[in-house]
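Colleague: Provided herewith: final-v7.cif, mmCIF, C-alpha atoms.
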data_coords
#
loop_
_atom_site.label_atom_id
_atom_site.label_comp_id
_atom_site.auth_asym_id
_atom_site.auth_seq_id
_atom_site.Cartn_x
_atom_site.Cartn_y
_atom_site.Cartn_z
CA MET A 1 -6.25 6.27 63.08
CA VAL A 2 -9.65 5.71 61.42
CA SER A 3 -10.21 7.52 58.11
CA THR A 4 -13.18 9.86 57.99
CA ASN A 5 -13.12 10.33 54.18
CA PRO A 6 -16.52 9.08 52.91
CA SER A 7 -15.21 8.70 49.33
CA ALA A 8 -12.92 5.90 50.46
CA GLY A 9 -15.88 3.85 51.58
CA PRO A 10 -16.99 2.11 48.33
CA ALA A 11 -13.46 1.10 47.33
CA ALA A 12 -12.66 -0.13 50.82
CA ALA A 13 -15.98 -1.89 51.11
CA PHE A 14 -15.46 -4.00 47.96
CA ASN A 15 -16.06 -7.64 48.80
CA ILE A 16 -14.99 -10.58 46.67
CA SER A 17 -18.54 -11.91 46.97
CA ARG A 18 -19.58 -9.20 44.46
CA LEU A 19 -17.91 -11.26 41.72
CA TRP A 20 -20.92 -13.63 41.78
CA THR A 21 -23.62 -11.46 43.39
CA ASP A 22 -23.26 -8.42 41.09
CA GLU A 23 -24.61 -9.14 37.57
CA ARG A 24 -21.98 -7.05 35.80
CA TYR A 25 -19.02 -8.64 37.60
CA ARG A 26 -20.58 -12.09 37.26
CA GLY A 27 -20.83 -11.66 33.49
CA ILE A 28 -17.19 -10.59 33.21
CA LEU A 29 -16.06 -13.48 35.42
CA SER A 30 -18.04 -16.07 33.45
CA GLN A 31 -16.66 -14.84 30.12
CA ALA A 32 -13.10 -14.85 31.49
CA ILE A 33 -13.54 -18.43 32.70
CA ILE A 34 -14.88 -19.52 29.28
CA VAL A 35 -11.95 -17.86 27.48
CA ILE A 36 -9.46 -19.57 29.79
CA LEU A 37 -11.11 -22.97 29.33
CA VAL A 38 -11.15 -22.61 25.53
CA ALA A 39 -7.49 -21.54 25.53
CA LEU A 40 -6.54 -24.52 27.71
CA ALA A 41 -8.49 -26.86 25.40
CA LEU A 42 -6.67 -25.49 22.35
CA VAL A 43 -3.31 -25.85 24.09
CA TRP A 44 -4.16 -29.45 25.01
CA VAL A 45 -5.22 -30.28 21.46
CA ALA A 46 -2.09 -28.69 20.01
CA ASP A 47 0.18 -30.48 22.47
CA ASN A 48 -1.58 -33.81 21.94
CA THR A 49 -1.34 -33.41 18.17
CA ARG A 50 2.35 -32.55 18.37
CA THR A 51 3.03 -35.57 20.60
CA ASN A 52 1.20 -37.97 18.26
CA LEU A 53 3.02 -36.59 15.23
CA ASP A 54 6.39 -36.93 16.99
CA ASN A 55 5.59 -40.53 17.94
CA ARG A 56 4.91 -41.31 14.29
CA GLY A 57 7.95 -39.43 13.04
CA LEU A 58 5.91 -36.83 11.18
CA ASP A 59 6.92 -33.18 10.96
CA ILE A 60 4.40 -30.37 10.84
CA GLY A 61 5.11 -27.19 8.92
CA PHE A 62 4.75 -25.44 5.60
CA ASP A 63 8.28 -26.05 4.32
CA PHE A 64 6.84 -28.34 1.62
CA LEU A 65 5.46 -25.27 -0.17
CA ALA A 66 8.98 -24.52 -1.41
CA ASP A 67 9.31 -27.97 -3.04
CA PRO A 68 8.66 -28.49 -6.78
CA ALA A 69 5.04 -29.49 -7.37
CA GLY A 70 5.61 -31.62 -10.45
CA ILE A 71 1.94 -31.55 -11.50
CA GLY A 72 0.22 -30.12 -14.54
CA ILE A 73 -2.67 -27.69 -14.25
CA GLY A 74 -5.07 -27.28 -17.15
CA VAL A 75 -6.54 -23.88 -16.27
CA SER A 76 -4.21 -21.20 -14.89
CA LEU A 77 -4.74 -17.45 -14.66
CA ILE A 78 -1.03 -16.88 -14.06
CA GLU A 79 2.10 -18.37 -15.58
CA TYR A 80 2.67 -21.88 -14.23
CA ASP A 81 4.97 -24.77 -15.06
CA SER A 82 5.21 -28.22 -13.52
CA THR A 83 8.63 -27.29 -12.13
CA ASP A 84 7.13 -24.49 -10.03
CA THR A 85 6.69 -24.85 -6.29
CA TRP A 86 3.66 -26.05 -4.38
CA LEU A 87 3.12 -22.47 -3.23
CA ARG A 88 2.61 -21.30 -6.80
CA ALA A 89 0.46 -24.33 -7.59
CA MET A 90 -1.75 -23.60 -4.58
CA THR A 91 -1.93 -19.96 -5.69
CA VAL A 92 -3.16 -21.09 -9.11
CA GLY A 93 -5.78 -23.24 -7.38
CA LEU A 94 -6.88 -20.32 -5.21
CA LEU A 95 -7.27 -18.08 -8.27
CA ASN A 96 -9.30 -20.81 -9.99
CA THR A 97 -11.60 -20.99 -6.96
CA VAL A 98 -12.05 -17.23 -6.98
CA LEU A 99 -12.70 -17.32 -10.75
CA VAL A 100 -15.41 -19.99 -10.50
CA SER A 101 -17.00 -18.31 -7.47
CA ALA A 102 -17.06 -14.87 -9.11
CA LEU A 103 -18.46 -16.15 -12.40
CA GLY A 104 -21.01 -18.25 -10.53
CA ILE A 105 -22.17 -15.36 -8.34
CA VAL A 106 -22.68 -13.06 -11.33
CA ALA A 107 -24.54 -15.67 -13.39
CA ALA A 108 -26.60 -16.97 -10.46
CA THR A 109 -27.69 -13.44 -9.55
CA ALA A 110 -28.81 -12.73 -13.11
CA ILE A 111 -30.63 -16.07 -13.39
CA GLY A 112 -32.21 -15.73 -9.95
CA PHE A 113 -33.53 -12.20 -10.48
CA ALA A 114 -34.88 -13.04 -13.95
CA ALA A 115 -36.58 -16.24 -12.74
CA GLY A 116 -37.95 -14.57 -9.63
CA ILE A 117 -39.58 -11.80 -11.65
CA MET A 118 -40.92 -14.23 -14.28
CA ARG A 119 -42.59 -16.31 -11.58
CA LEU A 120 -44.80 -13.31 -10.83
CA LEU A 121 -45.78 -12.54 -14.43
CA PRO A 122 -49.48 -12.81 -15.33
CA ASN A 123 -48.63 -15.22 -18.18
CA TRP A 124 -49.59 -18.68 -16.84
CA LEU A 125 -47.36 -20.64 -19.24
CA VAL A 126 -44.18 -18.68 -18.43
CA ARG A 127 -44.95 -18.78 -14.73
CA THR A 128 -45.50 -22.54 -14.76
CA ILE A 129 -42.39 -23.35 -16.80
CA VAL A 130 -40.17 -21.26 -14.53
CA ALA A 131 -41.75 -22.73 -11.37
CA THR A 132 -41.19 -26.27 -12.68
CA TRP A 133 -37.55 -25.52 -13.47
CA VAL A 134 -37.00 -23.95 -10.04
CA GLU A 135 -38.49 -26.87 -8.13
CA PHE A 136 -36.62 -29.46 -10.21
CA THR A 137 -33.25 -27.69 -9.95
CA ARG A 138 -33.53 -27.05 -6.21
CA ASN A 139 -34.33 -30.68 -5.43
CA VAL A 140 -31.62 -32.40 -7.49
CA PRO A 141 -28.27 -32.65 -5.65
CA LEU A 142 -25.70 -30.21 -6.95
CA LEU A 143 -23.06 -32.91 -7.39
CA LEU A 144 -25.34 -34.80 -9.79
CA GLN A 145 -25.97 -31.64 -11.79
CA ILE A 146 -22.24 -30.96 -12.12
CA ILE A 147 -21.59 -34.50 -13.34
CA PHE A 148 -24.58 -34.34 -15.70
CA TRP A 149 -23.44 -31.17 -17.47
CA TRP A 150 -19.87 -32.45 -17.58
CA THR A 151 -21.10 -35.65 -19.28
CA VAL A 152 -23.13 -33.62 -21.77
CA LEU A 153 -20.10 -31.51 -22.69
CA LEU A 154 -17.91 -34.59 -23.09
CA SER A 155 -20.45 -35.99 -25.59
CA LEU A 156 -19.77 -33.11 -27.98
CA PRO A 157 -17.96 -33.88 -31.27
CA THR A 158 -14.34 -35.02 -31.04
CA VAL A 159 -11.37 -32.88 -31.99
CA ARG A 160 -11.42 -34.20 -35.57
CA GLU A 161 -15.10 -33.24 -35.88
CA THR A 162 -14.80 -29.81 -34.26
CA LEU A 163 -17.80 -27.55 -34.73
CA ARG A 164 -16.95 -24.10 -36.02
CA ILE A 165 -19.03 -21.10 -34.99
CA GLY A 166 -18.22 -18.14 -37.17
CA ASP A 167 -14.58 -17.60 -38.04
CA SER A 168 -12.92 -17.79 -34.64
CA ILE A 169 -14.92 -19.99 -32.23
CA PHE A 170 -14.43 -23.76 -32.11
CA LEU A 171 -16.45 -26.26 -30.09
CA ASN A 172 -15.55 -29.87 -29.27
CA ASN A 173 -15.35 -32.22 -26.30
CA SER A 174 -12.06 -30.63 -25.27
CA GLY A 175 -13.73 -27.29 -24.63
CA ILE A 176 -14.65 -24.03 -26.27
CA THR A 177 -11.82 -22.17 -28.00
CA GLY A 178 -12.02 -18.51 -28.96
CA PRO A 179 -9.81 -15.47 -29.46
CA SER A 180 -7.34 -14.69 -26.69
CA PRO A 181 -6.23 -11.13 -25.83
CA VAL A 182 -2.54 -10.35 -26.21
CA PHE A 183 -1.25 -7.52 -24.05
CA GLU A 184 1.70 -5.66 -25.55
CA PRO A 185 3.74 -2.79 -24.03
CA GLY A 186 1.39 0.07 -23.32
CA ALA A 187 -1.61 -2.11 -22.53
CA SER A 188 -1.38 -1.12 -18.88
CA ALA A 189 -2.40 2.43 -19.86
CA VAL A 190 -5.61 1.09 -21.38
CA LEU A 191 -6.39 -0.92 -18.27
CA ILE A 192 -5.72 2.11 -16.08
CA ALA A 193 -8.03 4.18 -18.29
CA LEU A 194 -10.71 1.53 -17.89
CA ALA A 195 -10.35 1.64 -14.10
CA VAL A 196 -10.49 5.45 -14.14
CA GLY A 197 -13.57 5.32 -16.36
CA VAL A 198 -15.35 2.95 -14.00
CA ALA A 199 -14.48 5.12 -10.99
CA ALA A 200 -15.61 8.28 -12.80
CA ALA A 201 -18.84 6.60 -13.91
CA TRP A 202 -19.59 5.59 -10.33
CA ALA A 203 -18.95 9.16 -9.17
CA VAL A 204 -21.25 10.58 -11.86
CA LEU A 205 -24.05 8.14 -11.00
CA ASN A 206 -23.71 8.93 -7.30
CA TRP A 207 -23.74 12.69 -7.96
CA ALA A 208 -26.76 12.41 -10.28
CA ARG A 209 -28.67 10.39 -7.68
CA LYS A 210 -28.03 12.99 -4.97
CA ARG A 211 -28.94 15.81 -7.34
CA GLN A 212 -32.21 14.13 -8.26
CA ALA A 213 -33.05 13.59 -4.58
CA ALA A 214 -32.35 17.26 -3.83
CA THR A 215 -33.85 18.98 -6.89
CA GLY A 216 -35.98 16.37 -8.64
CA GLU A 217 -34.06 16.95 -11.87
CA ARG A 218 -33.08 13.75 -13.64
CA LEU A 219 -29.94 13.75 -15.76
CA PRO A 220 -28.87 11.15 -18.38
CA ALA A 221 -26.24 9.83 -15.98
CA GLY A 222 -26.46 6.32 -17.39
CA TRP A 223 -25.35 7.40 -20.85
CA ILE A 224 -22.61 9.58 -19.38
CA ALA A 225 -21.33 6.68 -17.28
CA LEU A 226 -21.43 4.32 -20.28
CA GLY A 227 -19.47 6.86 -22.32
CA LEU A 228 -16.81 7.13 -19.63
CA ILE A 229 -16.42 3.35 -19.37
CA VAL A 230 -16.28 2.79 -23.14
CA LEU A 231 -14.95 5.94 -24.80
CA LEU A 232 -12.12 6.75 -22.37
CA PRO A 233 -10.37 3.33 -22.72
CA LEU A 234 -10.95 3.41 -26.49
CA ALA A 235 -9.34 6.83 -26.77
CA VAL A 236 -6.30 5.66 -24.79
CA TYR A 237 -6.22 2.44 -26.82
CA PHE A 238 -5.90 4.24 -30.15
CA ALA A 239 -3.65 6.97 -28.74
CA SER A 240 -1.16 4.39 -27.45
CA GLY A 241 -0.96 2.54 -30.77
CA GLN A 242 -3.47 -0.26 -30.17
CA PRO A 243 -1.36 -2.26 -27.68
CA ILE A 244 -4.00 -4.98 -27.22
CA SER A 245 -4.47 -7.49 -30.02
CA TRP A 246 -6.18 -10.85 -30.42
CA ASP A 247 -4.64 -14.27 -30.87
CA MET A 248 -7.05 -16.05 -33.21
CA PRO A 249 -7.25 -19.87 -32.98
CA THR A 250 -6.55 -21.90 -36.10
CA ALA A 251 -7.21 -25.57 -36.88
CA ASN A 252 -4.90 -27.85 -38.82
CA ARG A 253 -6.08 -30.61 -41.15
CA PHE A 254 -6.38 -33.04 -38.23
CA GLY A 255 -8.68 -30.67 -36.36
CA ARG A 256 -6.19 -29.75 -33.66
CA LEU A 257 -6.33 -26.13 -32.58
CA ARG A 258 -3.46 -23.75 -32.07
CA GLY A 259 -3.60 -20.39 -30.36
CA GLY A 260 -6.60 -18.74 -28.78
CA LEU A 261 -8.10 -19.32 -25.38
CA THR A 262 -9.68 -22.66 -24.46
CA VAL A 263 -12.31 -23.00 -21.75
CA THR A 264 -12.36 -26.60 -20.54
CA PRO A 265 -15.57 -28.67 -20.18
CA GLU A 266 -14.85 -29.04 -16.45
CA LEU A 267 -14.90 -25.29 -15.91
CA VAL A 268 -18.05 -24.79 -18.00
CA ALA A 269 -19.92 -27.66 -16.31
CA LEU A 270 -18.98 -26.48 -12.83
CA TRP A 271 -19.84 -22.85 -13.58
CA PHE A 272 -23.16 -23.65 -15.24
CA ALA A 273 -24.27 -26.08 -12.51
CA LEU A 274 -23.34 -23.67 -9.70
CA ALA A 275 -25.09 -20.78 -11.45
CA THR A 276 -28.35 -22.60 -12.19
CA TYR A 277 -28.53 -24.40 -8.84
CA THR A 278 -27.90 -21.27 -6.78
CA GLY A 279 -29.99 -19.17 -9.17
CA ALA A 280 -33.00 -21.37 -8.44
CA PHE A 281 -32.71 -20.59 -4.72
CA ILE A 282 -32.11 -16.90 -5.42
CA SER A 283 -35.28 -16.78 -7.53
CA GLU A 284 -37.35 -17.75 -4.50
CA ILE A 285 -35.63 -15.07 -2.43
CA VAL A 286 -36.35 -12.48 -5.12
CA ARG A 287 -39.97 -13.58 -5.41
CA ALA A 288 -40.44 -13.32 -1.64
CA GLY A 289 -38.80 -9.88 -1.61
CA ILE A 290 -41.10 -8.58 -4.35
CA LEU A 291 -44.19 -9.99 -2.64
CA SER A 292 -43.16 -8.24 0.58
CA VAL A 293 -43.75 -4.85 -1.09
CA SER A 294 -47.30 -3.60 -0.61
CA LYS A 295 -49.57 -3.71 -3.67
CA GLY A 296 -50.41 -0.11 -2.92
CA GLN A 297 -46.94 0.82 -4.18
CA THR A 298 -47.72 -0.69 -7.59
CA GLU A 299 -51.11 1.02 -7.69
CA ALA A 300 -49.56 4.37 -6.77
CA ALA A 301 -46.93 3.94 -9.50
CA GLY A 302 -49.65 3.14 -12.03
CA SER A 303 -51.59 6.24 -11.02
CA LEU A 304 -48.48 8.30 -11.79
CA GLY A 305 -48.30 6.84 -15.28
CA LEU A 306 -45.24 4.65 -14.78
CA LYS A 307 -44.94 1.62 -17.05
CA GLY A 308 -44.50 -1.92 -15.78
CA TRP A 309 -40.72 -2.07 -16.14
CA GLN A 310 -40.38 1.41 -14.63
CA THR A 311 -42.47 0.38 -11.64
CA THR A 312 -40.34 -2.72 -11.11
CA ARG A 313 -37.01 -0.89 -11.47
CA LEU A 314 -37.81 2.33 -9.63
CA ILE A 315 -40.43 1.38 -7.07
CA ILE A 316 -40.57 -2.36 -6.37
CA MET A 317 -36.94 -3.51 -6.53
CA PRO A 318 -35.41 -0.73 -4.36
CA GLN A 319 -37.80 -1.69 -1.57
CA ALA A 320 -37.54 -5.45 -2.18
CA LEU A 321 -33.73 -5.36 -2.03
CA ARG A 322 -33.86 -4.60 1.68
CA VAL A 323 -35.54 -7.98 2.15
CA ILE A 324 -33.51 -9.79 -0.53
CA ILE A 325 -29.93 -8.86 0.42
CA PRO A 326 -29.52 -10.77 3.76
CA PRO A 327 -30.57 -14.22 2.44
CA LEU A 328 -28.86 -13.45 -0.87
CA THR A 329 -25.58 -13.16 1.03
CA SER A 330 -26.05 -16.69 2.37
CA GLN A 331 -26.52 -18.02 -1.16
CA PHE A 332 -23.30 -16.33 -2.30
CA LEU A 333 -21.45 -17.98 0.59
CA ASN A 334 -22.99 -21.36 -0.27
CA LEU A 335 -21.93 -21.02 -3.90
CA THR A 336 -18.34 -20.22 -2.91
CA LYS A 337 -18.16 -23.25 -0.63
CA ASN A 338 -19.94 -25.51 -3.13
CA SER A 339 -17.26 -24.69 -5.70
CA SER A 340 -15.09 -27.22 -3.85
CA LEU A 341 -17.16 -29.92 -5.61
CA ALA A 342 -14.94 -29.19 -8.64
CA LEU A 343 -12.90 -32.18 -7.46
CA ALA A 344 -15.66 -34.47 -8.77
CA VAL A 345 -15.02 -33.52 -12.41
CA GLY A 346 -11.28 -32.98 -12.13
CA PHE A 347 -11.23 -29.18 -12.26
CA GLN A 348 -8.13 -28.09 -10.36
CA ASP A 349 -9.31 -25.53 -7.84
CA PHE A 350 -7.80 -24.88 -4.42
CA VAL A 351 -9.22 -28.08 -2.94
CA GLY A 352 -8.21 -30.20 -5.92
CA ILE A 353 -4.60 -29.03 -5.97
CA GLY A 354 -4.48 -29.26 -2.19
CA SER A 355 -5.58 -32.89 -2.42
CA GLN A 356 -2.74 -33.61 -4.84
CA ALA A 357 -0.29 -31.89 -2.49
CA GLN A 358 -1.62 -33.93 0.42
CA ASN A 359 -1.20 -37.21 -1.47
CA GLN A 360 2.38 -36.43 -2.50
CA THR A 361 3.70 -34.72 0.63
CA GLY A 362 1.60 -36.26 3.39
CA GLN A 363 1.09 -32.83 5.01
CA ALA A 364 -2.62 -33.39 5.68
CA ILE A 365 -2.97 -31.07 8.67
CA GLU A 366 -1.37 -28.13 6.89
CA ILE A 367 -3.46 -28.65 3.75
CA VAL A 368 -6.76 -28.91 5.64
CA PHE A 369 -5.82 -25.88 7.74
CA SER A 370 -5.10 -23.88 4.55
CA TRP A 371 -8.50 -24.93 3.14
CA MET A 372 -10.21 -23.67 6.28
CA VAL A 373 -8.35 -20.36 6.27
CA VAL A 374 -9.04 -19.69 2.58
CA TYR A 375 -12.75 -20.46 2.66
CA VAL A 376 -13.26 -18.54 5.90
CA SER A 377 -11.44 -15.56 4.37
CA LEU A 378 -13.49 -15.67 1.15
CA SER A 379 -16.72 -15.94 3.14
CA LEU A 380 -15.82 -13.05 5.44
CA LEU A 381 -14.85 -10.84 2.50
CA THR A 382 -18.12 -11.61 0.73
CA SER A 383 -20.12 -10.98 3.90
CA ALA A 384 -18.31 -7.70 4.53
CA PHE A 385 -19.09 -6.42 1.03
CA MET A 386 -22.74 -7.48 1.20
CA ASN A 387 -23.15 -5.96 4.67
CA TRP A 388 -21.70 -2.70 3.36
CA TYR A 389 -24.12 -2.76 0.43
CA ASN A 390 -27.04 -3.64 2.68
CA ALA A 391 -26.23 -0.70 4.97
CA ARG A 392 -25.93 1.58 1.95
CA ILE A 393 -29.43 0.83 0.67
CA ALA A 394 -31.06 0.73 4.10
CA LEU A 395 -33.88 3.13 4.85
CA VAL A 396 -32.68 6.18 6.80
CA GLU A 397 -35.09 7.85 9.20
CA ARG A 398 -35.51 11.56 8.58
#
What's the structure tokens form of this structure?

Modeller:
Amino acid sequence: MVSTNPSAGPAAAFNISRLWTDERYRGILSQAIIVILVALALVWVADNTRTNLDNRGLDIGFDFLADPAGIGIGVSLIEYDSTDTWLRAMTVGLLNTVLVSALGIVAATAIGFAAGIMRLLPNWLVRTIVATWVEFTRNVPLLLQIIFWWTVLLSLPTVRETLRIGDSIFLNNSGITGPSPVFEPGASAVLIALAVGVAAAWAVLNWARKRQAATGERLPAGWIALGLIVLLPLAVYFASGQPISWDMPTANRFGRLRGGLTVTPELVALWFALATYTGAFISEIVRAGILSVSKGQTEAAGSLGLKGWQTTRLIIMPQALRVIIPPLTSQFLNLTKNSSLALAVGFQDFVGIGSQAQNQTGQAIEIVFSWMVVYVSLSLLTSAFMNWYNARIALVER
């Protein structure tokens, strides 16, 4: 019997030739083929690697992370001893990488914005000095700058000739030593109060901004936010019996220091070089972003009686940020990846400790794979935050 249902026609009339004649099916087929080929290539590489390792009697795996590391680490944000495992040592290295990257991003942003604005000042001398510094810093390799600042710091006075700044800061070629915070029972309440104050300050600033957009009324939200961040933790600090104290460094007759917190020359050199090098690039991004704003905006602000700094803060920068943020994100990613140059001056970051683990355990594939995963993760997290911020400040059509 022949079906007379017309709706059955298209399904019954499907021809396999549509897989390459229909654009939609052809696109799906081509992508499926590419995915299969890539998967087969990865399987072949994995199998070939496994075979070569077996032939050489090498085992692949992360079991070595449970073995004692047996290395010393100069800078550690968490408790660490040479008897701890490689996993903890690698964790210390990861935290050091995050520390250097975070400090570098903050300092580079401040330097870049300041230099970018100064390059547009009417003062010829300031403009020329900043332009010279920017061009010089951008064109000298970062590795040389790190080594240069490290050498300068190592040329400071020896331990016996320690320079004393005030009553509690000491400076020598072993680093900068200052007071170290000591957290006693109850300190967690102060830290929680600080976090609550920051969250409340952000909420107040956000509410004040929306209120100003709706009514035009401007409230002193900045002072309110500052009070929440400062006064709330202080109140909890005194109410809980002052659970945070300071360990003040002291020097004996031979100049050796005890107590306090010491920042090593390697960390300072790496941080300063990363900040200035990346800041020079950021300054050009900021300058381009400011120049992208029409001069009519500045003239309109002047006609309203706004001062120069008010025009820059309220009119120019909010518009320039929409041009600045995308390339600024790339500079943040470059700074994070460039922090791996810490190996050149012996600062033990994630790459440095990983290199030591590779030399002692021979697990090169696992170490390199962990490097790749960590730096990809840090880059993706940074990109996600910057994309969120970029979307937040984007112009919204009414």

Colleague: Could you spell out the hits of the PyMOL selection byres ((chain A and resi 289) around 6) on the shown file, as a PyMOL selection string?

Modeller: chain A and resi 286-288+290-292+320+323-324

Colleague: Work out how far apart atom CA of A:Ile315 and atom CA of A:Leu121 are and give it in Å to one decimal.

Modeller: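 Pair atom CA of A:Ile315 / atom CA of A:Leu121 returns 16.6 Å.
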
Colleague: Quick one: residues within 8 Å of A:Met90, only C-alpha atoms counted, chain neighbours fewer than 3 positions away excluded, as a list in words?

Modeller: Trp86, Leu87, Gly93, Leu94, Phe350, Ile353 and Gly354 of chain A

Colleague: Which distance in Å separates atom CA of A:Val92 and atom CA of A:Ile78, to one decimal?

Modeller: 6.8 Å

Colleague: Between A:Val140, A:Ile316, A:Leu156, A:Leu333, which has the minimum distance to A:Thr382 (counting only C-alpha atoms)?

Modeller: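 Counting only C-alpha atoms, the residue closest to A:Thr382 is A:Leu333.
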
Colleague: Could you tell me which of A:Asn139, A:Gln31, A:Thr151, A:Thr128 comes closest to A:Ala269 if we count all atoms listed in the file?

Modeller: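 Closest to A:Ala269 of all the choices is A:Thr151.
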
Colleague: Work out how far apart atom CA of A:Pro141 and atom CA of A:Thr336 are and give it in Å to one decimal.

Modeller: 16.1 Å

Colleague: With distances taken over only C-alpha atoms, which of A:Thr312, A:Ile224, A:Gln319, A:Ala251 is nearest to A:Met118?

Modeller: A:Thr312

Colleague: A:Ser355, A:Gln363, A:Thr162, A:Asn387: which is nearest A:Ser340, counting all atoms listed in the file?

Modeller: A:Ser355

Colleague: Output the residue selection produced by the PyMOL selection byres ((chain A and resi 89) around 12) on the file above, formatted as a VMD selection string.

Modeller: chain A and resid 64 to 88 90 to 96 348 to 357
